[in-house]
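K.L.:
Structure file run34.pdb (PDB, C-alpha atoms, pLDDT in the B column) right here:
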ATOM      1  CA  MET P 145      -7.184   1.535 -18.471  1.00 77.00           C
ATOM      2  CA  THR P 146      -3.465   0.877 -18.691  1.00 86.00           C
ATOM      3  CA  THR P 147      -2.319  -2.593 -17.671  1.00 92.00           C
ATOM      4  CA  THR P 148       0.299  -2.037 -14.965  1.00 94.00           C
ATOM      5  CA  ASN P 149       3.132  -4.281 -13.860  1.00 94.00           C
ATOM      6  CA  ALA P 150       1.228  -5.043 -10.630  1.00 96.00           C
ATOM      7  CA  MET P 151      -1.744  -6.255 -12.712  1.00 96.00           C
ATOM      8  CA  ARG P 152       0.509  -8.404 -14.899  1.00 96.00           C
ATOM      9  CA  LEU P 153       2.059 -10.025 -11.823  1.00 96.00           C
ATOM     10  CA  LEU P 154      -1.373 -10.855 -10.380  1.00 97.00           C
ATOM     11  CA  MET P 155      -2.566 -12.250 -13.732  1.00 97.00           C
ATOM     12  CA  LYS P 156       0.556 -14.403 -14.057  1.00 97.00           C
ATOM     13  CA  ALA P 157      -0.071 -15.808 -10.559  1.00 97.00           C
ATOM     14  CA  ASN P 158      -3.782 -16.418 -11.340  1.00 97.00           C
ATOM     15  CA  ILE P 159      -4.876 -14.225  -8.421  1.00 97.00           C
ATOM     16  CA  PRO P 160      -8.371 -12.826  -8.940  1.00 96.00           C
ATOM     17  CA  PHE P 161      -8.600  -9.046  -8.785  1.00 97.00           C
ATOM     18  CA  GLY P 162     -10.682  -6.182 -10.044  1.00 96.00           C
ATOM     19  CA  THR P 163      -9.705  -2.677 -11.062  1.00 96.00           C
ATOM     20  CA  SER P 164     -11.118   0.771 -10.645  1.00 95.00           C
ATOM     21  CA  GLU P 165     -10.161   4.138 -12.116  1.00 93.00           C
ATOM     22  CA  TYR P 166     -10.603   7.678 -10.891  1.00 89.00           C
ATOM     23  CA  THR P 167      -9.619  11.118 -12.160  1.00 87.00           C
ATOM     24  CA  VAL P 168      -6.394  12.299 -10.544  1.00 85.00           C
ATOM     25  CA  ASP P 169      -6.405  15.728  -8.945  1.00 77.00           C
ATOM     26  CA  GLU P 170      -2.757  16.862  -8.806  1.00 78.00           C
ATOM     27  CA  SER P 171      -3.684  19.353  -6.063  1.00 75.00           C
ATOM     28  CA  ASP P 172      -5.058  16.549  -3.845  1.00 75.00           C
ATOM     29  CA  LEU P 173      -3.278  13.196  -4.093  1.00 70.00           C
ATOM     30  CA  SER P 174      -4.721  11.967  -0.804  1.00 83.00           C
ATOM     31  CA  GLY P 175      -6.222   8.521  -0.568  1.00 85.00           C
ATOM     32  CA  VAL P 176      -9.324   9.970   1.089  1.00 86.00           C
ATOM     33  CA  HIS P 177      -9.908  12.074  -2.030  1.00 86.00           C
ATOM     34  CA  ALA P 178      -9.377   8.995  -4.232  1.00 89.00           C
ATOM     35  CA  ALA P 179     -11.845   6.962  -2.131  1.00 90.00           C
ATOM     36  CA  HIS P 180     -14.377   9.778  -2.448  1.00 89.00           C
ATOM     37  CA  GLU P 181     -13.861   9.845  -6.231  1.00 87.00           C
ATOM     38  CA  LEU P 182     -14.549   6.081  -6.373  1.00 90.00           C
ATOM     39  CA  GLY P 183     -17.553   6.332  -4.047  1.00 92.00           C
ATOM     40  CA  ILE P 184     -16.103   3.905  -1.496  1.00 93.00           C
ATOM     41  CA  GLU P 185     -15.451   4.080   2.230  1.00 93.00           C
ATOM     42  CA  PRO P 186     -11.879   5.142   3.132  1.00 93.00           C
ATOM     43  CA  GLU P 187     -11.638   2.101   5.432  1.00 95.00           C
ATOM     44  CA  VAL P 188     -11.371  -0.252   2.432  1.00 96.00           C
ATOM     45  CA  MET P 189      -8.754   1.757   0.504  1.00 96.00           C
ATOM     46  CA  PHE P 190      -5.183   1.221   1.662  1.00 97.00           C
ATOM     47  CA  LYS P 191      -2.201   3.479   1.025  1.00 96.00           C
ATOM     48  CA  THR P 192       1.311   2.091   0.705  1.00 97.00           C
ATOM     49  CA  LEU P 193       3.954   3.819   2.817  1.00 97.00           C
ATOM     50  CA  VAL P 194       7.695   3.198   2.872  1.00 97.00           C
ATOM     51  CA  ALA P 195       9.908   3.709   5.925  1.00 97.00           C
ATOM     52  CA  ARG P 196      13.517   3.133   6.979  1.00 98.00           C
ATOM     53  CA  GLY P 197      14.466   1.551  10.281  1.00 96.00           C
ATOM     54  CA  ASP P 198      17.743   2.029  12.128  1.00 96.00           C
ATOM     55  CA  LYS P 199      18.513  -1.721  12.132  1.00 95.00           C
ATOM     56  CA  LYS P 200      16.396  -3.490   9.505  1.00 94.00           C
ATOM     57  CA  GLY P 201      16.400  -0.897   6.701  1.00 96.00           C
ATOM     58  CA  ILE P 202      13.461  -0.422   4.329  1.00 97.00           C
ATOM     59  CA  SER P 203       9.982  -1.688   5.264  1.00 97.00           C
ATOM     60  CA  VAL P 204       6.586  -1.235   3.615  1.00 98.00           C
ATOM     61  CA  PHE P 205       3.284  -0.592   5.388  1.00 98.00           C
ATOM     62  CA  CYS P 206      -0.266  -0.585   3.980  1.00 98.00           C
ATOM     63  CA  ILE P 207      -2.849   1.231   6.068  1.00 97.00           C
ATOM     64  CA  PRO P 208      -6.336   2.658   5.503  1.00 97.00           C
ATOM     65  CA  VAL P 209      -6.073   5.983   3.661  1.00 94.00           C
ATOM     66  CA  ALA P 210      -7.705   8.037   6.431  1.00 93.00           C
ATOM     67  CA  GLU P 211      -5.385   6.677   9.132  1.00 95.00           C
ATOM     68  CA  GLU P 212      -1.937   7.768  10.301  1.00 95.00           C
ATOM     69  CA  LEU P 213       1.014   5.409  10.626  1.00 96.00           C
ATOM     70  CA  ASP P 214       2.181   4.858  14.201  1.00 97.00           C
ATOM     71  CA  LEU P 215       5.967   4.740  13.867  1.00 96.00           C
ATOM     72  CA  LYS P 216       6.437   3.222  17.342  1.00 96.00           C
ATOM     73  CA  LYS P 217       4.158   0.310  16.460  1.00 97.00           C
ATOM     74  CA  CYS P 218       5.981  -0.079  13.137  1.00 97.00           C
ATOM     75  CA  ALA P 219       9.377  -0.158  14.833  1.00 97.00           C
ATOM     76  CA  ALA P 220       8.080  -2.846  17.190  1.00 96.00           C
ATOM     77  CA  VAL P 221       6.882  -5.098  14.358  1.00 97.00           C
ATOM     78  CA  THR P 222      10.060  -4.648  12.291  1.00 97.00           C
ATOM     79  CA  GLY P 223      12.491  -5.112  15.167  1.00 96.00           C
ATOM     80  CA  ASP P 224      13.879  -1.585  14.873  1.00 97.00           C
ATOM     81  CA  LYS P 225      14.441   0.848  17.736  1.00 96.00           C
ATOM     82  CA  LYS P 226      13.568   3.798  15.531  1.00 96.00           C
ATOM     83  CA  ILE P 227      11.825   4.056  12.164  1.00 97.00           C
ATOM     84  CA  GLU P 228      11.063   7.051   9.979  1.00 97.00           C
ATOM     85  CA  MET P 229       9.312   7.708   6.695  1.00 97.00           C
ATOM     86  CA  ILE P 230      11.597   7.925   3.672  1.00 97.00           C
ATOM     87  CA  HIS P 231      11.813  11.205   1.775  1.00 95.00           C
ATOM     88  CA  VAL P 232       9.406  11.320  -1.171  1.00 93.00           C
ATOM     89  CA  LYS P 233      12.387  11.908  -3.500  1.00 95.00           C
ATOM     90  CA  GLU P 234      13.692   8.430  -2.557  1.00 96.00           C
ATOM     91  CA  LEU P 235      10.428   6.645  -3.383  1.00 96.00           C
ATOM     92  CA  LEU P 236      10.951   6.113  -7.118  1.00 96.00           C
ATOM     93  CA  GLY P 237      14.518   4.847  -6.710  1.00 96.00           C
ATOM     94  CA  LEU P 238      13.602   2.398  -3.946  1.00 96.00           C
ATOM     95  CA  THR P 239      10.266   1.121  -5.242  1.00 96.00           C
ATOM     96  CA  GLY P 240       9.905   2.068  -8.902  1.00 95.00           C
ATOM     97  CA  TYR P 241       6.735   3.976  -8.022  1.00 96.00           C
ATOM     98  CA  ILE P 242       5.826   7.645  -7.525  1.00 93.00           C
ATOM     99  CA  ARG P 243       3.850   9.309  -4.737  1.00 90.00           C
ATOM    100  CA  GLY P 244       0.154   8.647  -5.205  1.00 90.00           C
ATOM    101  CA  GLY P 245       0.839   5.539  -7.282  1.00 92.00           C
ATOM    102  CA  CYS P 246       2.883   3.292  -4.998  1.00 95.00           C
ATOM    103  CA  SER P 247       1.674  -0.311  -5.016  1.00 97.00           C
ATOM    104  CA  PRO P 248       2.723  -2.999  -2.541  1.00 97.00           C
ATOM    105  CA  ILE P 249       2.913  -5.325  -5.574  1.00 97.00           C
ATOM    106  CA  GLY P 250       5.873  -5.309  -7.959  1.00 96.00           C
ATOM    107  CA  MET P 251       8.350  -3.038  -6.212  1.00 96.00           C
ATOM    108  CA  LYS P 252      11.939  -2.988  -7.515  1.00 94.00           C
ATOM    109  CA  LYS P 253      13.011  -5.102  -4.535  1.00 95.00           C
ATOM    110  CA  LYS P 254      11.133  -7.343  -2.134  1.00 95.00           C
ATOM    111  CA  TYR P 255      10.854  -5.461   1.140  1.00 97.00           C
ATOM    112  CA  PRO P 256       9.337  -6.753   4.377  1.00 97.00           C
ATOM    113  CA  THR P 257       5.687  -5.675   4.249  1.00 98.00           C
ATOM    114  CA  TRP P 258       2.925  -5.321   6.832  1.00 98.00           C
ATOM    115  CA  ILE P 259      -0.756  -4.639   6.225  1.00 98.00           C
ATOM    116  CA  ASP P 260      -2.902  -3.080   8.910  1.00 98.00           C
ATOM    117  CA  GLU P 261      -4.917  -5.709  10.746  1.00 97.00           C
ATOM    118  CA  THR P 262      -8.194  -3.917   9.919  1.00 97.00           C
ATOM    119  CA  ALA P 263      -7.877  -5.294   6.358  1.00 97.00           C
ATOM    120  CA  GLN P 264      -9.006  -8.645   7.770  1.00 97.00           C
ATOM    121  CA  LEU P 265     -12.444  -7.112   8.384  1.00 96.00           C
ATOM    122  CA  CYS P 266     -12.915  -6.518   4.641  1.00 96.00           C
ATOM    123  CA  ASP P 267     -13.889  -8.980   1.921  1.00 97.00           C
ATOM    124  CA  ARG P 268     -11.957  -6.866  -0.588  1.00 97.00           C
ATOM    125  CA  ILE P 269      -9.531  -3.972  -0.245  1.00 98.00           C
ATOM    126  CA  TYR P 270      -8.292  -1.378  -2.714  1.00 97.00           C
ATOM    127  CA  VAL P 271      -4.560  -0.768  -3.202  1.00 97.00           C
ATOM    128  CA  SER P 272      -2.725   1.204  -5.851  1.00 96.00           C
ATOM    129  CA  ALA P 273      -2.296  -0.558  -9.176  1.00 96.00           C
ATOM    130  CA  GLY P 274       1.075   1.145  -9.563  1.00 95.00           C
ATOM    131  CA  MET P 275       0.035   4.416 -11.134  1.00 94.00           C
ATOM    132  CA  ARG P 276      -2.038   7.389 -10.094  1.00 91.00           C
ATOM    133  CA  GLY P 277      -5.730   6.988 -10.830  1.00 92.00           C
ATOM    134  CA  GLN P 278      -5.811   3.188 -10.876  1.00 95.00           C
ATOM    135  CA  GLN P 279      -6.670   0.831  -8.042  1.00 96.00           C
ATOM    136  CA  LEU P 280      -6.579  -2.935  -7.637  1.00 97.00           C
ATOM    137  CA  ILE P 281      -9.412  -4.605  -5.747  1.00 97.00           C
ATOM    138  CA  LEU P 282      -8.590  -7.936  -4.139  1.00 97.00           C
ATOM    139  CA  ALA P 283      -9.039 -10.110  -1.084  1.00 98.00           C
ATOM    140  CA  PRO P 284      -6.660  -9.043   1.691  1.00 98.00           C
ATOM    141  CA  ASP P 285      -5.536 -12.618   2.365  1.00 97.00           C
ATOM    142  CA  ALA P 286      -4.681 -13.043  -1.330  1.00 97.00           C
ATOM    143  CA  LEU P 287      -2.528  -9.905  -1.139  1.00 98.00           C
ATOM    144  CA  ILE P 288      -0.862 -11.078   2.079  1.00 97.00           C
ATOM    145  CA  ASP P 289      -0.010 -14.450   0.542  1.00 97.00           C
ATOM    146  CA  PHE P 290       1.170 -13.025  -2.791  1.00 97.00           C
ATOM    147  CA  ILE P 291       3.575 -10.420  -1.386  1.00 97.00           C
ATOM    148  CA  ASP P 292       4.489 -12.492   1.694  1.00 97.00           C
ATOM    149  CA  ALA P 293       3.240  -9.793   4.066  1.00 98.00           C
ATOM    150  CA  GLN P 294       1.911  -9.955   7.619  1.00 98.00           C
ATOM    151  CA  TYR P 295      -1.000  -8.354   9.421  1.00 98.00           C
ATOM    152  CA  ALA P 296      -0.192  -5.992  12.295  1.00 97.00           C
ATOM    153  CA  ASP P 297      -1.614  -3.090  14.272  1.00 97.00           C
ATOM    154  CA  LEU P 298       0.055  -0.152  12.503  1.00 97.00           C
ATOM    155  CA  THR P 299      -2.047   2.965  13.016  1.00 96.00           C
ATOM    156  CA  LYS P 300      -2.616   5.581  15.677  1.00 93.00           C
ATOM    157  CA  ARG P 301      -5.962   4.863  17.303  1.00 77.00           C
TER     158      ARG P 301
END
As structure tokens, what does this structure read like?
P.N.:
Amino acid sequence: MTTTNAMRLLMKANIPFGTSEYTVDESDLSGVHAAHELGIEPEVMFKTLVARGDKKGISVFCIPVAEELDLKKCAAVTGDKKIEMIHVKELLGLTGYIRGGCSPIGMKKKYPTWIDETAQLCDRIYVSAGMRGQQLILAPDALIDFIDAQYADLTKR
């Protein structure tokens, strides 16, 4: 397993975490597929999505991999009137990460970040370690504190 920047940042901060690896299928980069490969429930694996608001700019959202982001709820929590997903071609330049390997930890800049409130129901959640095929496993409150994020209702239910 490659040690990623996200792992180094957690180690430096003495935040306990685990790791898990899976084989990447370039034809299916979905988080549901990754959860299946790891033998875990999709509810505990969170994908990191990046959006741009009309007033506040770039924001980051972590939601369970099987869920869909509710842009109206996201706009409400960010203070924007309208928010939309960034184009995938912008992801690397804004975050330093590629699609399928975007971690909420260690982005190029510190963006306001929200994690879906369902994470609070889990002892541990999985988030990308910053590259395809590698996941970090950590307590959601530890993640919230480390990246200065907030819990919010973010998905369509």
K.L.:
Between P:Ala195, P:Ala263, P:Met251, P:Ile184, single out the one closest to Ile207 in chain P, counting only C-alpha atoms.
P.N.:
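Of P:Ala195, P:Ala263, P:Met251, P:Ile184, the one nearest Ile207 in chain P is P:Ala263, counting only C-alpha atoms.
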K.L.:
Running the PyMOL selection byres ((chain P and resi 210) around 9) on this model by hand, what would come out? Give it as an NGL selection string.
P.N.:
:P and (174-176 or 186-187 or 189-191 or 207-209 or 211-212)
K.L.:
So which residues get picked by the PyMOL selection byres ((chain P and resi 293) around 12) here, written as a VMD selection string?
P.N.:
chain P and resid 203 to 206 221 to 222 248 to 249 254 to 261 284 to 292 294 to 296
K.L.:
Within 10 Å of range 147-153 of chain P, which residues of range 171-289 of chain P come that close, and what is the closest atom pair and distance in Å for each? Count all atoms listed in the file and give it as a tab-separated table.
P.N.:
residue	atom	partner	partner_atom	distance
P:Ser247	CA	P:Ala150	CA	7.4
P:Pro248	CA	P:Ala150	CA	8.5
P:Ile249	CA	P:Ala150	CA	5.3
P:Gly250	CA	P:Ala150	CA	5.4
P:Met251	CA	P:Ala150	CA	8.6
P:Ser272	CA	P:Ala150	CA	8.8
P:Ala273	CA	P:Ala150	CA	5.9
P:Gly274	CA	P:Ala150	CA	6.3
P:Met275	CA	P:Thr148	CA	7.5
P:Gln278	CA	P:Thr148	CA	9.0
P:Gln279	CA	P:Met151	CA	9.8
P:Leu280	CA	P:Met151	CA	7.8
K.L.:
The PyMOL selection byres ((chain P and resi 170-173) around 10) on the file shown: which residues, as a list in words?
P.N.:
Thr167, Val168, Asp169, Ser174, Gly175, Val176, His177, Ala178, Arg243, Gly244, Gly245, Arg276 and Gly277 of chain P
K.L.:
May I ask for the distance between CA of Ile202 in chain P and CA of Ile242 in chain P, given in Å to one decimal place?
P.N.:
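These atoms are spaced 16.2 Å apart.
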K.L.:
Quote the spacing between CA of Gln264 in chain P and CA of Leu154 in chain P in Å to one decimal place.
P.N.:
19.8 Å
K.L.:
As a compact mmCIF listing (two decimals), in the coordinates of the input, please: range 217-240 of chain P completed to N, CA and C atoms.
P.N.:
# COMPACT_ATOMS: atom_id res chain seq x y z
N LYS P 217 4.70 1.65 16.73
CA LYS P 217 4.16 0.31 16.46
C LYS P 217 4.92 -0.35 15.31
N CYS P 218 5.25 0.46 14.29
CA CYS P 218 5.98 -0.08 13.14
C CYS P 218 7.38 -0.55 13.54
N ALA P 219 8.04 0.24 14.36
CA ALA P 219 9.38 -0.16 14.83
C ALA P 219 9.30 -1.47 15.62
N ALA P 220 8.25 -1.61 16.40
CA ALA P 220 8.08 -2.85 17.19
C ALA P 220 7.90 -4.06 16.28
N VAL P 221 7.11 -3.94 15.22
CA VAL P 221 6.88 -5.10 14.36
C VAL P 221 8.09 -5.42 13.48
N THR P 222 8.90 -4.40 13.15
CA THR P 222 10.06 -4.65 12.29
C THR P 222 11.29 -5.09 13.07
N GLY P 223 11.31 -4.80 14.37
CA GLY P 223 12.49 -5.11 15.17
C GLY P 223 13.49 -3.96 15.20
N ASP P 224 13.04 -2.77 14.82
CA ASP P 224 13.88 -1.58 14.87
C ASP P 224 13.64 -0.84 16.18
N LYS P 225 14.64 -0.03 16.58
CA LYS P 225 14.44 0.85 17.74
C LYS P 225 13.74 2.12 17.28
N LYS P 226 14.12 2.56 16.08
CA LYS P 226 13.57 3.80 15.53
C LYS P 226 13.29 3.59 14.05
N ILE P 227 12.18 4.16 13.58
CA ILE P 227 11.82 4.06 12.16
C ILE P 227 11.27 5.40 11.72
N GLU P 228 11.59 5.79 10.50
CA GLU P 228 11.06 7.05 9.98
C GLU P 228 10.69 6.90 8.52
N MET P 229 9.76 7.73 8.09
CA MET P 229 9.31 7.71 6.70
C MET P 229 10.49 8.12 5.80
N ILE P 230 10.57 7.50 4.62
CA ILE P 230 11.60 7.92 3.67
C ILE P 230 11.18 9.26 3.07
N HIS P 231 12.14 9.97 2.48
CA HIS P 231 11.81 11.20 1.78
C HIS P 231 11.14 10.84 0.46
N VAL P 232 10.16 11.62 0.04
CA VAL P 232 9.41 11.32 -1.17
C VAL P 232 10.33 11.22 -2.38
N LYS P 233 11.45 11.96 -2.37
CA LYS P 233 12.39 11.91 -3.50
C LYS P 233 13.09 10.56 -3.60
N GLU P 234 13.08 9.76 -2.54
CA GLU P 234 13.69 8.43 -2.56
C GLU P 234 12.73 7.35 -3.07
N LEU P 235 11.45 7.65 -3.11
CA LEU P 235 10.43 6.64 -3.38
C LEU P 235 10.62 5.95 -4.73
N LEU P 236 10.81 6.70 -5.79
CA LEU P 236 10.95 6.11 -7.12
C LEU P 236 12.18 5.20 -7.19
N GLY P 237 13.30 5.64 -6.66
CA GLY P 237 14.52 4.85 -6.71
C GLY P 237 14.42 3.55 -5.92
N LEU P 238 13.73 3.59 -4.80
CA LEU P 238 13.60 2.40 -3.95
C LEU P 238 12.54 1.43 -4.44
N THR P 239 11.42 1.97 -4.94
CA THR P 239 10.27 1.12 -5.24
C THR P 239 9.94 1.01 -6.73
N GLY P 240 10.32 2.01 -7.50
CA GLY P 240 9.90 2.07 -8.90
C GLY P 240 8.58 2.78 -9.07
